[in-house]
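As stored in model_8.cif (mmCIF, C-alpha atoms and all ligand atoms):
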```
data_my_file
loop_
_atom_site.label_atom_id
_atom_site.label_comp_id
_atom_site.auth_asym_id
_atom_site.auth_seq_id
_atom_site.Cartn_x
_atom_site.Cartn_y
_atom_site.Cartn_z
CA MET E 1 21.23 1.45 151.91
CA ALA E 2 23.64 0.08 154.51
CA ALA E 3 26.84 -1.42 153.14
CA VAL E 4 27.05 -5.19 153.53
CA ALA E 5 30.34 -6.37 155.04
CA PRO E 6 32.07 -8.68 152.58
CA SER E 7 32.07 -12.23 153.85
CA SER E 8 35.45 -13.95 154.14
CA PRO E 9 36.33 -15.92 151.00
CA GLN E 10 35.38 -19.58 151.16
CA PRO E 11 37.88 -22.11 149.80
CA VAL E 12 36.72 -23.26 146.38
CA GLN E 13 36.02 -26.99 146.44
CA PRO E 14 36.70 -28.77 143.17
CA ALA E 15 33.56 -30.14 141.53
CA PRO E 16 33.06 -33.90 142.06
CA PRO E 17 35.04 -35.75 139.41
CA GLY E 18 33.41 -37.24 136.34
CA PRO E 19 34.22 -40.84 135.33
CA PRO E 20 37.79 -42.01 134.63
CA LEU E 21 37.12 -42.50 130.93
CA TRP E 22 40.64 -43.66 130.10
CA LEU E 23 42.14 -46.56 132.02
CA LEU E 24 45.80 -47.43 131.50
CA ALA E 25 46.70 -50.89 132.79
CA GLU E 26 50.49 -51.06 133.06
CA LEU E 27 50.62 -54.82 133.36
CA THR E 28 54.36 -55.12 133.91
CA TYR E 29 57.38 -52.84 133.85
CA GLN E 30 59.49 -55.71 132.51
CA CYS E 31 60.53 -55.21 128.90
CA PRO E 32 62.93 -56.99 126.55
CA LEU E 33 64.07 -53.60 125.24
CA HIS E 34 66.26 -51.00 126.93
CA CYS E 35 65.19 -47.74 125.29
CA VAL E 36 67.17 -44.64 126.17
CA PHE E 37 63.93 -42.57 126.30
CA CYS E 38 61.78 -45.12 128.15
CA TYR E 39 58.83 -43.47 129.88
CA ASN E 40 58.74 -45.98 132.75
CA PRO E 41 59.92 -44.66 136.14
CA THR E 42 63.67 -45.03 136.62
CA ASP E 43 63.02 -46.64 140.02
CA TYR E 44 60.40 -49.05 138.70
CA THR E 45 61.71 -51.92 140.84
CA ARG E 46 59.55 -50.55 143.63
CA TYR E 47 56.42 -51.51 141.65
CA GLN E 48 57.53 -55.04 140.92
CA ARG E 49 55.08 -57.15 143.00
CA GLU E 50 52.71 -57.47 140.06
CA LEU E 51 48.94 -57.88 140.38
CA THR E 52 47.63 -61.37 139.70
CA THR E 53 45.18 -62.14 136.91
CA ARG E 54 42.30 -62.15 139.37
CA GLU E 55 43.37 -58.80 140.84
CA TRP E 56 43.57 -57.24 137.37
CA ILE E 57 40.12 -58.54 136.48
CA ASP E 58 38.80 -56.98 139.67
CA VAL E 59 40.42 -53.63 138.72
CA LEU E 60 38.92 -53.76 135.20
CA THR E 61 35.49 -54.55 136.64
CA GLN E 62 35.62 -51.73 139.20
CA ALA E 63 36.89 -49.19 136.65
CA ARG E 64 34.18 -50.13 134.17
CA ALA E 65 31.55 -49.66 136.87
CA LEU E 66 33.00 -46.16 137.42
CA GLY E 67 32.53 -45.37 133.74
CA ALA E 68 35.91 -46.22 132.15
CA ALA E 69 35.43 -46.91 128.45
CA GLN E 70 38.89 -46.97 126.82
CA LEU E 71 41.45 -49.41 128.12
CA GLY E 72 45.13 -49.46 127.21
CA PHE E 73 47.20 -52.54 128.04
CA SER E 74 50.70 -51.22 128.41
CA GLY E 75 53.98 -51.73 130.24
CA GLY E 76 56.92 -52.35 129.92
CA GLU E 77 55.94 -55.00 127.43
CA PRO E 78 52.42 -56.29 128.13
CA LEU E 79 53.02 -59.38 125.96
CA LEU E 80 55.34 -60.63 128.70
CA ARG E 81 52.21 -61.38 130.72
CA ASP E 82 50.95 -64.80 129.64
CA ASP E 83 47.49 -63.89 130.95
CA LEU E 84 47.13 -61.00 128.47
CA GLU E 85 44.61 -62.91 126.35
CA GLU E 86 42.50 -63.67 129.42
CA LEU E 87 42.55 -60.01 130.49
CA VAL E 88 41.63 -58.84 126.98
CA ALA E 89 38.73 -61.32 126.86
CA GLU E 90 37.43 -60.08 130.19
CA ALA E 91 37.82 -56.45 129.13
CA HIS E 92 35.92 -57.20 125.91
CA ARG E 93 33.16 -58.90 127.90
CA LEU E 94 32.94 -55.83 130.15
CA GLY E 95 32.46 -53.60 127.11
CA TYR E 96 35.80 -51.74 126.93
CA TYR E 97 37.40 -50.53 123.72
CA THR E 98 40.81 -52.17 124.10
CA ASN E 99 44.21 -51.08 122.86
CA LEU E 100 47.49 -52.96 123.13
CA LEU E 101 50.58 -50.74 123.33
CA THR E 102 53.50 -52.97 122.40
CA SER E 103 57.05 -53.11 121.12
CA GLY E 104 55.83 -56.12 119.12
CA ILE E 105 58.34 -58.44 120.76
CA GLY E 106 56.53 -61.64 121.70
CA LEU E 107 53.69 -61.23 119.19
CA THR E 108 53.56 -64.60 117.45
CA GLU E 109 50.94 -65.89 115.02
CA GLN E 110 49.44 -67.95 117.82
CA ARG E 111 49.20 -65.04 120.25
CA ALA E 112 47.88 -62.67 117.60
CA ARG E 113 45.09 -65.17 116.81
CA ALA E 114 44.30 -65.64 120.49
CA LEU E 115 44.19 -61.87 121.07
CA LYS E 116 41.92 -61.42 118.07
CA ASP E 117 39.63 -64.16 119.34
CA ALA E 118 39.64 -62.50 122.76
CA GLY E 119 38.28 -59.33 121.15
CA LEU E 120 41.30 -56.98 121.11
CA ASP E 121 40.23 -53.86 119.16
CA HIS E 122 43.44 -52.01 118.41
CA VAL E 123 47.24 -52.35 118.43
CA GLN E 124 49.85 -49.62 118.69
CA LEU E 125 53.29 -50.79 117.61
CA SER E 126 56.43 -48.85 118.47
CA PHE E 127 59.57 -48.55 116.36
CA GLN E 128 62.71 -46.69 117.37
CA ASP E 129 63.78 -45.82 113.83
CA SER E 130 63.49 -46.75 110.15
CA THR E 131 66.98 -48.25 110.10
CA ARG E 132 67.99 -51.50 111.74
CA GLU E 133 71.19 -49.90 113.05
CA LEU E 134 69.54 -47.08 114.99
CA ASN E 135 66.44 -49.07 116.01
CA ASP E 136 68.66 -51.73 117.53
CA PHE E 137 71.16 -49.29 118.99
CA LEU E 138 68.55 -47.18 120.79
CA SER E 139 66.79 -50.22 122.23
CA HIS E 140 70.05 -52.11 122.86
CA THR E 141 68.51 -55.20 121.23
CA ARG E 142 68.26 -56.86 117.84
CA THR E 143 64.57 -56.33 117.31
CA PHE E 144 64.11 -54.48 114.02
CA GLU E 145 63.09 -57.55 111.98
CA LEU E 146 60.90 -58.84 114.82
CA LYS E 147 58.99 -55.55 114.80
CA GLN E 148 58.49 -55.80 111.05
CA ARG E 149 57.08 -59.29 111.54
CA ALA E 150 54.79 -57.96 114.27
CA ALA E 151 53.56 -55.25 111.87
CA ALA E 152 52.72 -57.92 109.29
CA LEU E 153 50.80 -59.92 111.92
CA ILE E 154 48.82 -56.85 112.92
CA LYS E 155 47.78 -56.30 109.31
CA ALA E 156 47.07 -60.00 108.74
CA HIS E 157 44.67 -59.98 111.69
CA ASP E 158 42.93 -56.92 110.39
CA TRP E 159 43.60 -54.57 113.27
CA PRO E 160 43.82 -50.85 112.54
CA MET E 161 47.53 -50.23 112.95
CA VAL E 162 48.93 -47.24 114.75
CA MET E 163 52.68 -46.99 114.53
CA ASN E 164 54.56 -44.93 116.99
CA CYS E 165 58.10 -43.64 116.79
CA VAL E 166 59.56 -41.45 119.52
CA LEU E 167 61.64 -38.71 117.90
CA HIS E 168 64.84 -37.03 119.10
CA LYS E 169 68.11 -35.69 117.76
CA HIS E 170 69.26 -39.08 116.42
CA ASN E 171 66.27 -40.02 114.30
CA LEU E 172 64.74 -36.63 113.38
CA PRO E 173 66.80 -36.55 110.16
CA HIS E 174 65.17 -39.89 109.20
CA VAL E 175 61.60 -38.69 109.51
CA ASP E 176 60.95 -39.15 105.77
CA LYS E 177 62.23 -42.74 105.94
CA ILE E 178 60.13 -43.41 109.03
CA ILE E 179 57.02 -42.23 107.19
CA GLU E 180 57.96 -44.35 104.15
CA MET E 181 58.37 -47.37 106.42
CA ALA E 182 54.95 -46.77 108.00
CA LEU E 183 53.37 -46.52 104.54
CA ALA E 184 55.11 -49.68 103.35
CA LEU E 185 53.90 -51.57 106.43
CA GLY E 186 50.34 -50.36 105.91
CA ALA E 187 49.94 -48.20 109.03
CA GLU E 188 46.73 -46.19 109.12
CA TYR E 189 48.14 -43.78 111.65
CA LEU E 190 51.68 -42.73 112.53
CA GLU E 191 52.42 -40.96 115.76
CA LEU E 192 55.68 -39.03 115.62
CA ALA E 193 55.94 -37.80 119.16
CA ASN E 194 59.11 -36.00 120.12
CA THR E 195 60.71 -37.15 123.34
CA GLN E 196 59.40 -35.50 126.49
CA TYR E 197 61.96 -35.26 129.23
CA TYR E 198 60.96 -37.44 132.18
CA GLY E 199 62.39 -40.66 133.57
CA TRP E 200 65.12 -42.21 131.40
CA ALA E 201 64.78 -39.50 128.76
CA LEU E 202 65.61 -36.87 131.37
CA GLN E 203 68.81 -38.73 132.19
CA ASN E 204 69.71 -38.65 128.49
CA ARG E 205 68.41 -35.14 127.74
CA ALA E 206 71.76 -33.68 126.68
CA GLN E 207 72.16 -36.40 124.04
CA LEU E 208 68.53 -36.49 122.84
CA LEU E 209 67.45 -32.84 122.75
CA PRO E 210 67.30 -31.59 119.15
CA THR E 211 67.86 -28.06 117.91
CA ARG E 212 64.93 -25.91 116.86
CA ALA E 213 66.19 -26.07 113.27
CA GLU E 214 66.15 -29.90 113.37
CA LEU E 215 62.59 -29.89 114.69
CA GLU E 216 61.38 -27.42 112.11
CA ALA E 217 63.02 -29.31 109.26
CA ALA E 218 61.32 -32.54 110.36
CA GLU E 219 57.96 -30.79 110.73
CA ALA E 220 58.24 -29.44 107.19
CA VAL E 221 58.87 -32.99 105.91
CA VAL E 222 55.81 -34.25 107.81
CA GLN E 223 53.70 -31.47 106.32
CA ARG E 224 54.90 -32.29 102.82
CA TYR E 225 53.91 -35.95 103.30
CA ARG E 226 50.52 -34.96 104.71
CA GLU E 227 49.79 -33.10 101.50
CA GLN E 228 51.01 -36.02 99.36
CA ILE E 229 49.32 -38.94 101.09
CA GLY E 230 46.09 -37.38 102.35
CA GLN E 231 44.02 -39.84 104.40
CA ARG E 232 46.06 -42.91 103.45
CA CYS E 233 47.98 -42.62 106.72
CA ARG E 234 47.32 -39.89 109.28
CA LEU E 235 50.50 -38.29 110.59
CA LEU E 236 50.61 -36.83 114.06
CA TYR E 237 53.67 -34.74 114.92
CA VAL E 238 54.13 -33.64 118.53
CA VAL E 239 56.76 -30.99 119.35
CA PRO E 240 58.65 -31.34 122.66
CA ASP E 241 57.18 -29.15 125.39
CA TYR E 242 60.50 -27.32 125.81
CA PHE E 243 60.04 -25.66 122.43
CA GLU E 244 56.57 -24.28 123.18
CA ASP E 245 55.63 -21.18 125.16
CA ARG E 246 52.48 -22.64 126.67
CA PRO E 247 52.26 -26.04 128.35
CA LYS E 248 50.03 -28.87 127.26
CA ALA E 249 46.85 -29.61 129.21
CA CYS E 250 48.58 -32.48 130.92
CA MET E 251 46.31 -35.54 131.30
CA ASN E 252 43.48 -33.22 130.28
CA GLY E 253 43.51 -32.08 133.90
CA TRP E 254 44.66 -33.98 136.96
CA GLY E 255 42.19 -36.67 138.04
CA LYS E 256 39.72 -35.65 135.35
CA VAL E 257 39.58 -38.50 132.85
CA PHE E 258 42.78 -40.52 133.18
CA LEU E 259 43.50 -43.36 135.60
CA SER E 260 46.73 -45.31 135.48
CA ILE E 261 47.39 -48.50 137.41
CA ALA E 262 51.03 -49.52 137.89
CA PRO E 263 51.99 -53.22 137.83
CA ASP E 264 51.77 -53.54 141.62
CA GLY E 265 48.32 -51.89 141.80
CA THR E 266 49.44 -48.36 142.63
CA ALA E 267 46.80 -46.01 141.21
CA MET E 268 47.99 -42.73 139.69
CA PRO E 269 46.40 -39.75 137.94
CA CYS E 270 49.40 -39.74 135.57
CA HIS E 271 51.83 -42.59 134.97
CA ASN E 272 54.73 -40.43 136.22
CA ALA E 273 53.00 -39.30 139.41
CA GLY E 274 55.21 -41.60 141.49
CA GLU E 275 58.05 -39.11 140.91
CA LEU E 276 56.21 -36.33 142.77
CA PRO E 277 56.92 -35.81 146.48
CA GLY E 278 54.15 -35.66 149.08
CA LEU E 279 51.57 -37.74 147.21
CA GLN E 280 50.07 -40.62 149.17
CA LEU E 281 49.58 -42.92 146.21
CA PRO E 282 46.74 -45.38 146.88
CA ASN E 283 46.79 -49.04 145.90
CA VAL E 284 43.95 -51.13 144.52
CA ARG E 285 45.02 -53.94 146.86
CA GLU E 286 44.06 -51.77 149.83
CA GLN E 287 41.21 -49.51 148.72
CA PRO E 288 38.23 -49.76 146.36
CA LEU E 289 38.79 -47.94 143.10
CA ALA E 290 35.75 -45.68 143.56
CA SER E 291 37.15 -44.25 146.78
CA ILE E 292 40.64 -43.95 145.21
CA TRP E 293 39.20 -41.98 142.31
CA ARG E 294 36.86 -39.75 144.30
CA ASP E 295 38.42 -39.32 147.72
CA SER E 296 42.13 -40.11 147.81
CA GLN E 297 44.64 -37.40 148.65
CA ALA E 298 46.68 -38.13 145.52
CA PHE E 299 43.76 -37.82 143.08
CA ASN E 300 42.54 -34.62 144.72
CA ALA E 301 45.95 -32.96 145.12
CA PHE E 302 45.74 -31.01 141.83
CA ARG E 303 42.06 -31.24 140.94
CA GLY E 304 40.30 -28.00 140.14
CA TYR E 305 42.15 -24.70 140.55
CA GLY E 306 42.36 -24.17 144.33
CA TRP E 307 45.90 -25.62 144.58
CA MET E 308 47.36 -23.16 142.07
CA LYS E 309 49.88 -20.45 142.81
CA GLU E 310 50.49 -17.29 140.83
CA PRO E 311 50.78 -16.75 137.92
CA CYS E 312 48.35 -19.62 137.23
CA SER E 313 45.74 -18.82 139.90
CA SER E 314 44.76 -15.52 138.28
CA CYS E 315 45.54 -16.53 134.69
CA ASP E 316 42.77 -16.45 132.12
CA GLU E 317 44.25 -19.52 130.38
CA LYS E 318 44.09 -21.87 133.35
CA GLU E 319 40.95 -23.61 132.10
CA LYS E 320 42.77 -24.39 128.87
CA ASP E 321 45.96 -25.97 130.24
CA PHE E 322 45.35 -26.47 133.99
CA GLY E 323 48.78 -24.96 134.69
CA GLY E 324 50.55 -27.62 132.60
CA CYS E 325 52.37 -30.68 133.82
CA ARG E 326 52.91 -31.20 137.56
CA CYS E 327 55.87 -33.50 137.00
CA GLN E 328 57.59 -30.95 134.77
CA ALA E 329 56.90 -28.21 137.33
CA TYR E 330 58.53 -30.34 140.00
CA LEU E 331 61.47 -31.44 137.85
CA LEU E 332 62.30 -27.96 136.54
CA ALA E 333 61.02 -25.57 139.23
CA GLY E 334 61.34 -27.89 142.25
CA ASP E 335 57.69 -27.22 143.14
CA ALA E 336 54.81 -29.36 141.94
CA ARG E 337 52.37 -26.45 142.52
CA ALA E 338 54.29 -24.01 140.36
CA ALA E 339 53.32 -23.07 136.81
CA ASP E 340 54.86 -25.49 134.34
CA PRO E 341 58.14 -23.71 133.44
CA VAL E 342 57.41 -24.36 129.76
CA CYS E 343 54.96 -21.46 130.06
CA ALA E 344 56.42 -18.09 129.08
CA LYS E 345 54.54 -16.56 132.04
CA SER E 346 56.38 -18.79 134.53
CA PRO E 347 59.17 -17.12 136.54
CA GLN E 348 61.23 -20.27 135.79
CA HIS E 349 60.73 -20.14 132.02
CA GLU E 350 64.29 -18.88 131.54
CA GLN E 351 65.49 -22.29 132.73
CA VAL E 352 63.73 -23.98 129.80
CA LEU E 353 65.16 -21.43 127.38
CA ARG E 354 68.64 -22.10 128.77
CA ILE E 355 68.25 -25.87 128.26
CA VAL E 356 67.10 -25.27 124.68
CA ARG E 357 70.04 -22.90 124.07
CA GLN E 358 72.47 -25.50 125.40
CA GLY E 359 71.03 -27.95 122.88
CA GLN E 360 71.87 -25.55 120.00
CA SER E 361 75.56 -25.41 120.83
CA ALA E 362 78.14 -27.83 119.50
CA PRO E 363 78.30 -31.12 121.46
CA PRO E 364 81.10 -31.36 124.02
CA ALA E 365 84.31 -33.08 122.91
CA ALA E 366 83.65 -35.92 125.38
CA PRO E 367 79.84 -36.34 125.51
CA GLN E 368 78.26 -38.24 128.39
CA PRO E 369 77.43 -41.85 127.48
CA LEU E 370 73.76 -42.69 126.89
CA VAL E 371 72.04 -44.46 129.79
CA PHE E 372 70.09 -47.52 128.63
CA ARG E 373 67.12 -48.67 130.63
CA SER E 374 67.99 -51.78 132.63
CA ASN E 375 65.76 -54.62 133.84
CA PRO E 376 66.00 -56.07 137.33
CA PRO E 377 64.30 -59.41 138.02
CA VAL E 378 60.60 -59.37 138.86
CA ARG E 379 58.50 -61.15 141.49
CA ARG E 380 55.24 -62.27 139.91
CA PRO E 381 52.76 -63.96 142.22
CA ARG E 382 50.42 -66.56 140.76
S1 LIG T 401 60.05 -47.39 125.83
FE1 LIG T 401 61.26 -49.18 125.16
S2 LIG T 401 62.11 -50.06 127.07
FE2 LIG T 401 60.42 -48.66 127.67
S3 LIG T 401 58.63 -49.97 127.81
FE3 LIG T 401 58.64 -49.12 125.72
S4 LIG T 401 59.74 -50.65 124.48
FE4 LIG T 401 60.18 -51.11 126.62
S1 LIG T 402 50.38 -19.05 133.80
FE1 LIG T 402 49.70 -21.12 134.32
S2 LIG T 402 47.54 -21.23 133.66
FE2 LIG T 402 48.48 -19.42 132.67
S3 LIG T 402 49.13 -20.14 130.66
FE3 LIG T 402 50.90 -20.34 132.05
S4 LIG T 402 50.77 -22.43 132.88
FE4 LIG T 402 48.77 -21.95 131.93
#
```
When written as C-alpha cells, how does the structure in this file appear?
Amino acid sequence: MAAVAPSSPQPVQPAPPGPPLWLLAELTYQCPLHCVFCYNPTDYTRYQRELTTREWIDVLTQARALGAAQLGFSGGEPLLRDDLEELVAEAHRLGYYTNLLTSGIGLTEQRARALKDAGLDHVQLSFQDSTRELNDFLSHTRTFELKQRAAALIKAHDWPMVMNCVLHKHNLPHVDKIIEMALALGAEYLELANTQYYGWALQNRAQLLPTRAELEAAEAVVQRYREQIGQRCRLLYVVPDYFEDRPKACMNGWGKVFLSIAPDGTAMPCHNAGELPGLQLPNVREQPLASIWRDSQAFNAFRGYGWMKEPCSSCDEKEKDFGGCRCQAYLLAGDARAADPVCAKSPQHEQVLRIVRQGQSAPPAAPQPLVFRSNPPVRRPR
C-alpha cells in the first residue's frame, strides 16, 4: 500500500463558546473604602464614564438572551448607584439569580426593604477583620459598626448571608475571631480568601504576603471549626496561588462562562483583563454583546488551547487549569501566553518561590508604607 503523505497541520479552531453563564456588573468603581488589597484596577479612572440606567438594562437584557443566569452587582460599592433597586428589579424580571457584593456601607433599612421588594436573591458582605482597629485601618475608614449594622439588616430581611474576609499577614492570626464574628452575626457561609496579588494588592505584596507557617496555622484553625460547627456555617478557605504548585483554572477558562462589564461598558473575560497588553477590549456602547462574546479579539485571545506555548501546549493537565491565570503570567513572566508561573512546570516558577522566600524573612527595618486605594471624582451621566 502506498504511503500517504501527511497533510500539513491545520490550526485548531476553538469550539464556539457556550453561554456566558456568569455576568458581573461592576456598576461603579467608586467606593467609600480604601482597601489596601482592593481588586479594582489601579488605573480605574479610565473607566469612569459610567453606563446610565438604561444602558445597564440593555446590557442585562442582551446577556440574559445569550444565556446568562447568575448576575453579580459589584463595584467599587454598588450601593453608591441610586438606581441599584431599579436594576435589581429589572434583573429579577428577566429571570436572573441576583447577588449583591457589598461593603455594606450605604445599606439602610429603607434600601434593604426596597432591594428585597425588587427581588434581590443574595447578599455578600465583606469585612476586613474581626477587630474594629484592623478593619478600620485596612480600609482607612471608620466602618466596622456600619458593617455590623448591615449584617443585621441582611438577616432581618431574610437573605442568605455570605460573609467575606480577605486574608493576609495582618489578619491571619485572627482567623478564629473572624469565624466567631461570622457565627455571631448569623452568616450561613464564610469565604476566607487569601489575598491574590493583582492591582492594589500587588503594590502592597511585601506587606501583605504571609509565611507558609502563618497560612498553615490559619488553615488548621479553619479545619478545627469545620469539625465543630458542621453545616451551621460553611467555611471556605482559599490559599494564595503563590503557595500552590499548580495554578487555578482561572475564570474556568477564558471566555468560557464569565463575562464582566466595567462601569463604562468595557466588556472583559476577567475583571483584571484591562491590565493585559494587546487586548482590544470591546465596549457595550459600541457593539452588541452577542458579537462581543462570540467574535471579539479580546474574548477569543485565550479561548481553547491554540494560543498556548510550551510547557502548556503539550501538557496533559491543560484541560484542568487552562494554563492558569493570564494576568499572573503577564505580571510575573512578562508574557500573557506563558504558563502561569505558579505552576511548578513553568520555567519562571523560581520567581514565585523567591517571592515566597522573601516573605519568610524578617521584615526590613524600614518597611515600605502601605498604599491605600484612592478615589478620584467620577463623571456619571444621567
Ligand atoms: S476591596 Fe475595599 S476599596 Fe475595593 S471595592 Fe471592595 S470595599 Fe471598596
Ligand atoms: S504546564 Fe501549563 S497546562 Fe500544565 S499544569 Fe502547568 S500551567 Fe497547567
E:Phe137, E:Ile154, E:Gly67, E:Phe127: which is nearest Glu109 in chain E, counting all atoms listed in the file? E:Ile154
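Separating CA of Leu60 in chain E from CA of Arg294 in chain E is a distance of 16.8 Å.
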CA of Gly199 in chain E and CA of Glu350 in chain E, how far apart in Å? 22.0 Å
Distance cut-off 12 Å, centre (59.2, -52.7, 137.9) in file coordinates, counting all atoms listed in the file: which residues qualify? Return them as a CSV table (one decimal) with C-alpha atoms, in the coordinates of the input.
```csv
chain,number,residue,atom,x,y,z
E,26,GLU,CA,50.5,-51.1,133.1
E,27,LEU,CA,50.6,-54.8,133.4
E,28,THR,CA,54.4,-55.1,133.9
E,29,TYR,CA,57.4,-52.8,133.8
E,30,GLN,CA,59.5,-55.7,132.5
E,31,CYS,CA,60.5,-55.2,128.9
E,40,ASN,CA,58.7,-46.0,132.8
E,41,PRO,CA,59.9,-44.7,136.1
E,42,THR,CA,63.7,-45.0,136.6
E,43,ASP,CA,63.0,-46.6,140.0
E,44,TYR,CA,60.4,-49.0,138.7
E,45,THR,CA,61.7,-51.9,140.8
E,46,ARG,CA,59.6,-50.6,143.6
E,47,TYR,CA,56.4,-51.5,141.6
E,48,GLN,CA,57.5,-55.0,140.9
E,49,ARG,CA,55.1,-57.2,143.0
E,50,GLU,CA,52.7,-57.5,140.1
E,51,LEU,CA,48.9,-57.9,140.4
E,75,GLY,CA,54.0,-51.7,130.2
E,76,GLY,CA,56.9,-52.4,129.9
E,77,GLU,CA,55.9,-55.0,127.4
E,262,ALA,CA,51.0,-49.5,137.9
E,263,PRO,CA,52.0,-53.2,137.8
E,264,ASP,CA,51.8,-53.5,141.6
E,265,GLY,CA,48.3,-51.9,141.8
E,266,THR,CA,49.4,-48.4,142.6
E,373,ARG,CA,67.1,-48.7,130.6
E,374,SER,CA,68.0,-51.8,132.6
E,375,ASN,CA,65.8,-54.6,133.8
E,376,PRO,CA,66.0,-56.1,137.3
E,377,PRO,CA,64.3,-59.4,138.0
E,378,VAL,CA,60.6,-59.4,138.9
E,379,ARG,CA,58.5,-61.2,141.5
E,380,ARG,CA,55.2,-62.3,139.9
```
When the cut-off is 9 Å and you count only C-alpha atoms and all ligand atoms, which residues lie near ligand LIG 402 (chain T), shown as a short mmCIF file (atom, residue, chain, number, x, y, z; two decimals) with C-alpha atoms, in the coordinates of the input?
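And here's selection35.cif as it stands now:
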```cif
data_model
loop_
_atom_site.label_atom_id
_atom_site.label_comp_id
_atom_site.auth_asym_id
_atom_site.auth_seq_id
_atom_site.Cartn_x
_atom_site.Cartn_y
_atom_site.Cartn_z
CA ASP E 245 55.63 -21.18 125.16
CA ARG E 246 52.48 -22.64 126.67
CA PRO E 247 52.26 -26.04 128.35
CA LYS E 248 50.03 -28.87 127.26
CA ALA E 249 46.85 -29.61 129.21
CA MET E 308 47.36 -23.16 142.07
CA LYS E 309 49.88 -20.45 142.81
CA GLU E 310 50.49 -17.29 140.83
CA PRO E 311 50.78 -16.75 137.92
CA CYS E 312 48.35 -19.62 137.23
CA SER E 313 45.74 -18.82 139.90
CA SER E 314 44.76 -15.52 138.28
CA CYS E 315 45.54 -16.53 134.69
CA ASP E 316 42.77 -16.45 132.12
CA GLU E 317 44.25 -19.52 130.38
CA LYS E 318 44.09 -21.87 133.35
CA GLU E 319 40.95 -23.61 132.10
CA LYS E 320 42.77 -24.39 128.87
CA ASP E 321 45.96 -25.97 130.24
CA PHE E 322 45.35 -26.47 133.99
CA GLY E 323 48.78 -24.96 134.69
CA GLY E 324 50.55 -27.62 132.60
CA CYS E 325 52.37 -30.68 133.82
CA ALA E 338 54.29 -24.01 140.36
CA ALA E 339 53.32 -23.07 136.81
CA ASP E 340 54.86 -25.49 134.34
CA PRO E 341 58.14 -23.71 133.44
CA VAL E 342 57.41 -24.36 129.76
CA CYS E 343 54.96 -21.46 130.06
CA ALA E 344 56.42 -18.09 129.08
CA LYS E 345 54.54 -16.56 132.04
CA SER E 346 56.38 -18.79 134.53
#
```
Give the answer as one residue: which of E:Met181, E:Val88, E:Ile105, E:Ala213 has the shortest atom-to-atom distance to ligand LIG 401 (chain T), using all atoms listed in the file? E:Ile105
Which residues come within 6 Å of range 99-101 of chain E, counting all atoms listed in the file, excluding same-chain residues fewer than 2 positions away, as a list in words? Gly72, Phe73, Ser74, His122, Val123 and Gln124 of chain E
Determine the nearest neighbour of Asn272 in chain E from the options E:Ala63, E:Leu331, E:Ala150, E:Ile229, counting all atoms listed in the file. E:Leu331
Selection near range 290-293 of chain E, 10 Å with only C-alpha atoms, sequence-local residues under 6 positions removed, as a PyMOL selection string: chain E and resi 17-20+62-63+65-66+255-256+258-259+267-269+281-284+299-300
Report, in Å with one decimal, the straight-line distance from CA of Val36 in chain E to CA of Glu85 in chain E. 29.0 Å
Can you list, as a ChimeraX atom specification, every protein, DNA or RNA residue that comes within 10 Å of Gln280 in chain E when you count all atoms listed in the file, leaving out same-chain residues fewer than 5 positions away? /E:268,274,296-299,301
Output C-alpha atoms for every residue in the selection just made, as a PDB file, keeping the file's coordinate frame.
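Result went into again22.pdb, see below:
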```
ATOM      1  CA  MET E 268      47.990 -42.730 139.690  1.00  0.00           C
ATOM      2  CA  GLY E 274      55.210 -41.600 141.490  1.00  0.00           C
ATOM      3  CA  SER E 296      42.130 -40.110 147.810  1.00  0.00           C
ATOM      4  CA  GLN E 297      44.640 -37.400 148.650  1.00  0.00           C
ATOM      5  CA  ALA E 298      46.680 -38.130 145.520  1.00  0.00           C
ATOM      6  CA  PHE E 299      43.760 -37.820 143.080  1.00  0.00           C
ATOM      7  CA  ALA E 301      45.950 -32.960 145.120  1.00  0.00           C
TER       8      ALA E 301
END
```
Using all atoms listed in the file, the best pick from E:Ala218, E:Leu84, E:Leu115, E:Val371 as closest to ligand LIG 401 (chain T) would be E:Val371
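Only residues having an atom at most 9 Å from (65.0, -35.2, 123.9) are included; using all atoms listed in the file, these are Phe37, Leu167, His168, Lys169, Asn194, Thr195, Gln196, Tyr197, Ala201, Leu202, Asn204, Arg205, Ala206, Gln207, Leu208, Leu209, Pro210 and Pro240 of chain E.
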Take every atom of range 184-199 of chain E listed in the file, pad by 8 Å on each side, and give me the axis-aligned box centre and edge lengths in Å, one decimal, as AutoDock Vina command-line options.
```
--center_x 54.6 --center_y -43.4 --center_z 118.5 --size_x 31.7 --size_y 32.3 --size_z 46.2
```
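Between ligand LIG 401 (chain T) and the residues E:Ser361, E:Asn164, E:Thr131, E:Gln328, the shortest atom-to-atom distance, using all atoms listed in the file, involves E:Asn164.
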Would you kindly return, as a ChimeraX atom specification, each protein, DNA or RNA residue with an atom no farther than 8 Å from any atom of His157 in chain E, considering all atoms listed in the file and excluding same-chain residues fewer than 2 positions away? /E:112-113,116,153-155,159
Can you pull out every residue within 6 Å of Leu21 in chain E, counting all atoms listed in the file, but drop anything in the same chain fewer than 6 positions away, and send it as a PyMOL selection string? chain E and resi 68-69+257
For those residues, write C-alpha atoms to a file as a short mmCIF file (atom, residue, chain, number, x, y, z; two decimals), in the coordinates of the input.
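result.cif was written with the following content:
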```cif
data_model
loop_
_atom_site.label_atom_id
_atom_site.label_comp_id
_atom_site.auth_asym_id
_atom_site.auth_seq_id
_atom_site.Cartn_x
_atom_site.Cartn_y
_atom_site.Cartn_z
CA ALA E 68 35.91 -46.22 132.15
CA ALA E 69 35.43 -46.91 128.45
CA VAL E 257 39.58 -38.50 132.85
#
```
